[in-house]
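Peer 1: Pasting target_32.pdb below, which is PDB, C-alpha atoms.
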ATOM      1  CA  GLN A   1      -4.569  -5.832 -23.280  1.00  0.00           C
ATOM      2  CA  LEU A   2      -5.388  -7.726 -20.117  1.00  0.00           C
ATOM      3  CA  GLN A   3      -2.378  -9.707 -18.885  1.00  0.00           C
ATOM      4  CA  LEU A   4      -1.341 -11.726 -15.830  1.00  0.00           C
ATOM      5  CA  VAL A   5       2.271 -12.699 -15.171  1.00  0.00           C
ATOM      6  CA  GLU A   6       3.332 -15.054 -12.379  1.00  0.00           C
ATOM      7  CA  SER A   7       6.751 -15.110 -10.746  1.00  0.00           C
ATOM      8  CA  GLY A   8       8.454 -16.438  -7.637  1.00  0.00           C
ATOM      9  CA  GLY A   9       8.445 -20.143  -8.326  1.00  0.00           C
ATOM     10  CA  GLY A  10      11.472 -22.341  -7.897  1.00  0.00           C
ATOM     11  CA  LEU A  11      13.014 -25.308  -6.134  1.00  0.00           C
ATOM     12  CA  VAL A  12      12.632 -25.480  -2.362  1.00  0.00           C
ATOM     13  CA  GLN A  13      13.210 -28.147   0.274  1.00  0.00           C
ATOM     14  CA  PRO A  14      10.306 -29.661   2.221  1.00  0.00           C
ATOM     15  CA  GLY A  15       9.324 -27.327   5.028  1.00  0.00           C
ATOM     16  CA  GLY A  16      10.537 -24.300   3.113  1.00  0.00           C
ATOM     17  CA  SER A  17       8.688 -21.228   1.885  1.00  0.00           C
ATOM     18  CA  LEU A  18       8.056 -19.358  -1.348  1.00  0.00           C
ATOM     19  CA  ARG A  19       6.081 -16.272  -2.250  1.00  0.00           C
ATOM     20  CA  LEU A  20       4.406 -16.223  -5.635  1.00  0.00           C
ATOM     21  CA  SER A  21       3.415 -12.978  -7.306  1.00  0.00           C
ATOM     22  CA  CYS A  22       0.755 -12.364  -9.938  1.00  0.00           C
ATOM     23  CA  ALA A  23       1.316  -9.027 -11.638  1.00  0.00           C
ATOM     24  CA  VAL A  24      -1.622  -7.778 -13.659  1.00  0.00           C
ATOM     25  CA  SER A  25      -1.820  -5.155 -16.387  1.00  0.00           C
ATOM     26  CA  GLY A  26      -4.462  -3.826 -18.706  1.00  0.00           C
ATOM     27  CA  PHE A  27      -7.209  -3.758 -16.091  1.00  0.00           C
ATOM     28  CA  THR A  28      -8.061  -2.375 -12.671  1.00  0.00           C
ATOM     29  CA  LEU A  29      -7.213  -5.057 -10.162  1.00  0.00           C
ATOM     30  CA  ASP A  30      -9.747  -3.958  -7.549  1.00  0.00           C
ATOM     31  CA  HIS A  31     -12.604  -4.834  -9.949  1.00  0.00           C
ATOM     32  CA  TYR A  32     -11.527  -8.456 -10.281  1.00  0.00           C
ATOM     33  CA  VAL A  33     -11.635 -11.698  -8.329  1.00  0.00           C
ATOM     34  CA  ILE A  34      -8.238 -13.415  -8.458  1.00  0.00           C
ATOM     35  CA  GLY A  35      -7.632 -17.125  -8.038  1.00  0.00           C
ATOM     36  CA  TRP A  36      -4.529 -19.283  -7.751  1.00  0.00           C
ATOM     37  CA  PHE A  37      -4.612 -22.735  -9.313  1.00  0.00           C
ATOM     38  CA  ARG A  38      -2.064 -25.503  -9.681  1.00  0.00           C
ATOM     39  CA  GLN A  39      -1.576 -28.502 -11.908  1.00  0.00           C
ATOM     40  CA  ALA A  40       0.780 -31.384 -11.236  1.00  0.00           C
ATOM     41  CA  PRO A  41       1.890 -33.791 -13.981  1.00  0.00           C
ATOM     42  CA  GLY A  42      -0.860 -36.265 -14.786  1.00  0.00           C
ATOM     43  CA  LYS A  43      -3.389 -34.527 -12.564  1.00  0.00           C
ATOM     44  CA  GLU A  44      -6.274 -32.143 -13.137  1.00  0.00           C
ATOM     45  CA  ARG A  45      -6.020 -28.454 -12.397  1.00  0.00           C
ATOM     46  CA  GLU A  46      -6.754 -27.779  -8.734  1.00  0.00           C
ATOM     47  CA  GLY A  47      -7.967 -24.612  -7.067  1.00  0.00           C
ATOM     48  CA  VAL A  48      -5.582 -23.425  -4.350  1.00  0.00           C
ATOM     49  CA  SER A  49      -6.895 -20.079  -3.144  1.00  0.00           C
ATOM     50  CA  CYS A  50      -8.899 -17.055  -4.265  1.00  0.00           C
ATOM     51  CA  ILE A  51      -9.583 -13.523  -3.092  1.00  0.00           C
ATOM     52  CA  SER A  52     -12.553 -11.283  -3.805  1.00  0.00           C
ATOM     53  CA  SER A  53     -12.212  -7.853  -5.393  1.00  0.00           C
ATOM     54  CA  SER A  54     -12.877  -6.124  -2.065  1.00  0.00           C
ATOM     55  CA  ASP A  55     -10.431  -8.344  -0.157  1.00  0.00           C
ATOM     56  CA  SER A  56     -13.319  -9.323   2.131  1.00  0.00           C
ATOM     57  CA  MET A  57     -13.476 -12.952   1.045  1.00  0.00           C
ATOM     58  CA  LYS A  58     -10.614 -15.448   0.882  1.00  0.00           C
ATOM     59  CA  ILE A  59     -10.918 -19.161   0.277  1.00  0.00           C
ATOM     60  CA  TYR A  60      -8.317 -21.900   0.615  1.00  0.00           C
ATOM     61  CA  ALA A  61      -8.303 -25.511  -0.487  1.00  0.00           C
ATOM     62  CA  ASP A  62      -8.246 -27.897   2.477  1.00  0.00           C
ATOM     63  CA  SER A  63      -4.846 -29.170   1.358  1.00  0.00           C
ATOM     64  CA  VAL A  64      -3.213 -25.750   1.878  1.00  0.00           C
ATOM     65  CA  LYS A  65      -5.292 -24.256   4.684  1.00  0.00           C
ATOM     66  CA  GLY A  66      -3.078 -22.945   7.466  1.00  0.00           C
ATOM     67  CA  ARG A  67       0.029 -23.028   5.266  1.00  0.00           C
ATOM     68  CA  PHE A  68      -0.781 -20.665   2.372  1.00  0.00           C
ATOM     69  CA  THR A  69      -1.904 -17.039   2.546  1.00  0.00           C
ATOM     70  CA  ILE A  70      -3.348 -14.996  -0.302  1.00  0.00           C
ATOM     71  CA  SER A  71      -3.190 -11.215  -0.364  1.00  0.00           C
ATOM     72  CA  ARG A  72      -3.519  -8.367  -2.820  1.00  0.00           C
ATOM     73  CA  ASP A  73      -1.931  -4.947  -3.238  1.00  0.00           C
ATOM     74  CA  ASN A  74      -4.184  -3.009  -5.587  1.00  0.00           C
ATOM     75  CA  ALA A  75      -1.779  -0.075  -5.677  1.00  0.00           C
ATOM     76  CA  LYS A  76       0.888  -2.380  -7.105  1.00  0.00           C
ATOM     77  CA  ASN A  77      -1.589  -4.338  -9.252  1.00  0.00           C
ATOM     78  CA  THR A  78      -0.265  -7.533  -7.711  1.00  0.00           C
ATOM     79  CA  VAL A  79      -1.698 -10.541  -5.907  1.00  0.00           C
ATOM     80  CA  TYR A  80       0.530 -12.710  -3.738  1.00  0.00           C
ATOM     81  CA  LEU A  81       0.456 -16.296  -2.550  1.00  0.00           C
ATOM     82  CA  GLU A  82       2.643 -16.878   0.486  1.00  0.00           C
ATOM     83  CA  MET A  83       3.422 -20.586   0.793  1.00  0.00           C
ATOM     84  CA  ASN A  84       4.903 -21.977   4.000  1.00  0.00           C
ATOM     85  CA  SER A  85       5.645 -25.481   5.276  1.00  0.00           C
ATOM     86  CA  LEU A  86       5.834 -26.706   1.710  1.00  0.00           C
ATOM     87  CA  LYS A  87       5.430 -30.414   1.005  1.00  0.00           C
ATOM     88  CA  PRO A  88       6.494 -32.529  -1.973  1.00  0.00           C
ATOM     89  CA  GLU A  89       2.819 -32.850  -2.924  1.00  0.00           C
ATOM     90  CA  ASP A  90       2.706 -29.068  -3.459  1.00  0.00           C
ATOM     91  CA  THR A  91       4.903 -29.542  -6.532  1.00  0.00           C
ATOM     92  CA  ALA A  92       3.036 -28.205  -9.564  1.00  0.00           C
ATOM     93  CA  ILE A  93       2.742 -25.380 -12.041  1.00  0.00           C
ATOM     94  CA  TYR A  94       0.964 -22.519 -10.285  1.00  0.00           C
ATOM     95  CA  SER A  95      -1.179 -20.120 -12.300  1.00  0.00           C
ATOM     96  CA  CYS A  96      -3.206 -17.075 -11.384  1.00  0.00           C
ATOM     97  CA  ALA A  97      -6.502 -16.223 -13.017  1.00  0.00           C
ATOM     98  CA  ALA A  98      -8.937 -13.317 -13.037  1.00  0.00           C
ATOM     99  CA  VAL A  99     -12.632 -12.736 -13.502  1.00  0.00           C
ATOM    100  CA  LEU A 100     -14.472  -9.411 -13.468  1.00  0.00           C
ATOM    101  CA  GLY A 101     -16.798  -8.905 -10.532  1.00  0.00           C
ATOM    102  CA  VAL A 102     -16.919  -6.228  -7.855  1.00  0.00           C
ATOM    103  CA  PHE A 103     -19.626  -8.147  -5.992  1.00  0.00           C
ATOM    104  CA  ARG A 104     -18.695 -11.571  -7.291  1.00  0.00           C
ATOM    105  CA  LEU A 105     -18.094 -14.471  -4.950  1.00  0.00           C
ATOM    106  CA  CYS A 106     -14.658 -16.009  -4.827  1.00  0.00           C
ATOM    107  CA  VAL A 107     -14.698 -19.655  -5.967  1.00  0.00           C
ATOM    108  CA  LEU A 108     -12.091 -22.307  -6.742  1.00  0.00           C
ATOM    109  CA  ILE A 109     -13.625 -23.394 -10.049  1.00  0.00           C
ATOM    110  CA  PRO A 110     -11.294 -22.884 -13.039  1.00  0.00           C
ATOM    111  CA  ASN A 111     -14.135 -22.443 -15.534  1.00  0.00           C
ATOM    112  CA  GLU A 112     -15.365 -19.380 -13.618  1.00  0.00           C
ATOM    113  CA  TYR A 113     -12.222 -17.435 -14.596  1.00  0.00           C
ATOM    114  CA  ASP A 114     -11.735 -15.674 -17.911  1.00  0.00           C
ATOM    115  CA  TYR A 115      -8.079 -14.626 -17.912  1.00  0.00           C
ATOM    116  CA  TRP A 116      -5.024 -16.719 -17.095  1.00  0.00           C
ATOM    117  CA  GLY A 117      -1.305 -16.293 -16.663  1.00  0.00           C
ATOM    118  CA  GLN A 118       1.282 -18.650 -18.126  1.00  0.00           C
ATOM    119  CA  GLY A 119       2.200 -20.227 -14.803  1.00  0.00           C
ATOM    120  CA  THR A 120       5.303 -20.653 -12.661  1.00  0.00           C
ATOM    121  CA  GLN A 121       6.880 -23.958 -11.615  1.00  0.00           C
ATOM    122  CA  VAL A 122       7.097 -24.831  -7.928  1.00  0.00           C
ATOM    123  CA  THR A 123       9.148 -27.890  -7.032  1.00  0.00           C
ATOM    124  CA  VAL A 124       9.402 -29.148  -3.453  1.00  0.00           C
ATOM    125  CA  SER A 125      12.157 -31.706  -3.125  1.00  0.00           C
ATOM    126  CA  SER A 126      15.151 -32.579  -0.991  1.00  0.00           C
TER     127      SER A 126
END
Please rewrite the model in this file as structure tokens.
Peer 2:
Amino acid sequence: QLQLVESGGGLVQPGGSLRLSCAVSGFTLDHYVIGWFRQAPGKEREGVSCISSSDSMKIYADSVKGRFTISRDNAKNTVYLEMNSLKPEDTAIYSCAAVLGVFRLCVLIPNEYDYWGQGTQVTVSS
């Protein structure tokens, strides 16, 4: 069964860093586009970053560009989101998602993804 499990969230002070992990099972990671999304209370789900199956394409939301880095380790079946210079407005539940596509473009549109993890809470506060 296809499964995604996020970890690495927590409470961090403004300016701090966290690394989120998305561990996948039940499918071959290098055949899938992976996206990271977040949802803050009272707000719609927002695309944060995505990475193509070949690792050749990475996209970042303007709000995180220069601060967040997405990467994948197909051997470990894991995708990472390195988050630096965190701000209070980064507080949200972060979820990873997957869609099959060796030649598929990477997009930050939630409806384009078929499989989702349960999410991990990130809180940025002093």
Peer 1: Kindly give the distance, in Å, that separates CA of Gln118 in chain A and CA of Ser7 in chain A, rounded to a single decimal.
Peer 2: 9.8 Å
Peer 1: From the list A:Ser52, A:Thr123, A:Phe27, A:Val102, which residue is nearest Gln13 in chain A when using only C-alpha atoms?
Peer 2: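 The shortest atom-to-atom distance to Gln13 in chain A comes from A:Thr123.
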Peer 1: For this structure, which residues satisfy the selection - the PyMOL selection byres ((chain A and resi 9) around 6) - when it is evaluated on the file as given? I want them as a VMD selection string.
Peer 2: chain A and resid 7 to 8 10 120 to 122
Peer 1: If you measure from CA of Arg19 in chain A to CA of Leu108 in chain A, what distance in Å do you get, rounded to one decimal?
Peer 2: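 Distance reported for this atom pair: 19.7 Å.
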Peer 1: Excluding Leu4 in chain A and residues on its chain fewer than 6 positions from it, collect all residues at most 8 Å away from it, counting only C-alpha atoms, and give them as a list in words.
Peer 2: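 Final neighbour list, sorted by chain and number: Cys22, Ala23, Val24, Ser25, Cys96, Ala97, Tyr115, Trp116, Gly117 and Gln118 of chain A.
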Peer 1: Output C-alpha atoms for every residue in that selection, as a PDB file, in the frame of the given file.
Peer 2:
ATOM      1  CA  CYS A  22       0.755 -12.364  -9.938  1.00  0.00           C
ATOM      2  CA  ALA A  23       1.316  -9.027 -11.638  1.00  0.00           C
ATOM      3  CA  VAL A  24      -1.622  -7.778 -13.659  1.00  0.00           C
ATOM      4  CA  SER A  25      -1.820  -5.155 -16.387  1.00  0.00           C
ATOM      5  CA  CYS A  96      -3.206 -17.075 -11.384  1.00  0.00           C
ATOM      6  CA  ALA A  97      -6.502 -16.223 -13.017  1.00  0.00           C
ATOM      7  CA  TYR A 115      -8.079 -14.626 -17.912  1.00  0.00           C
ATOM      8  CA  TRP A 116      -5.024 -16.719 -17.095  1.00  0.00           C
ATOM      9  CA  GLY A 117      -1.305 -16.293 -16.663  1.00  0.00           C
ATOM     10  CA  GLN A 118       1.282 -18.650 -18.126  1.00  0.00           C
TER      11      GLN A 118
END
Peer 1: Suppose a student applies the PyMOL selection byres ((chain A and resi 54) around 9) to this structure; what residues should they get, written as a list in words?
Peer 2: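 Applying the PyMOL selection byres ((chain A and resi 54) around 9) to the structure shown produces Asp30, His31, Tyr32, Val33, Ile51, Ser52, Ser53, Asp55, Ser56, Met57, Val102 and Phe103 of chain A.
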Peer 1: What is the distance, in Å and to one decimal place, between CA of Asn84 in chain A and CA of Leu29 in chain A?
Peer 2: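 So the two atoms, CA of Asn84 in chain A and CA of Leu29 in chain A, lie 25.2 Å apart.
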Peer 1: Find the axis-aligned box for range 59-77 of chain A, covering all its listed atoms and adding 3 Å on each side, and write its centre and edge lengths in Å to one decimal as AutoDock Vina command-line options.
Peer 2:
--center_x -5.0 --center_y -14.6 --center_z -0.9 --size_x 17.8 --size_y 35.1 --size_z 22.7
Peer 1: Hey, what's within 8 Å of Pro88 in chain A if we count only C-alpha atoms and toss same-chain stuff fewer than 3 positions away? As a list in words, please?
Peer 2: Pro14, Thr91, Thr123, Val124 and Ser125 of chain A
Peer 1: Could you check which of A:Leu11, A:Val5, A:Leu81, A:Leu86 is closest to Trp36 in chain A, using all atoms listed in the file?
Peer 2: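 Among A:Leu11, A:Val5, A:Leu81, A:Leu86, it is A:Leu81 that comes nearest to Trp36 in chain A.
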Peer 1: From the set A:Asn111, A:Ser95, A:Asn74, A:Ser85, which residue has the shortest atom-to-atom contact distance to Gly15 in chain A, counting only C-alpha atoms?
Peer 2: A:Ser85
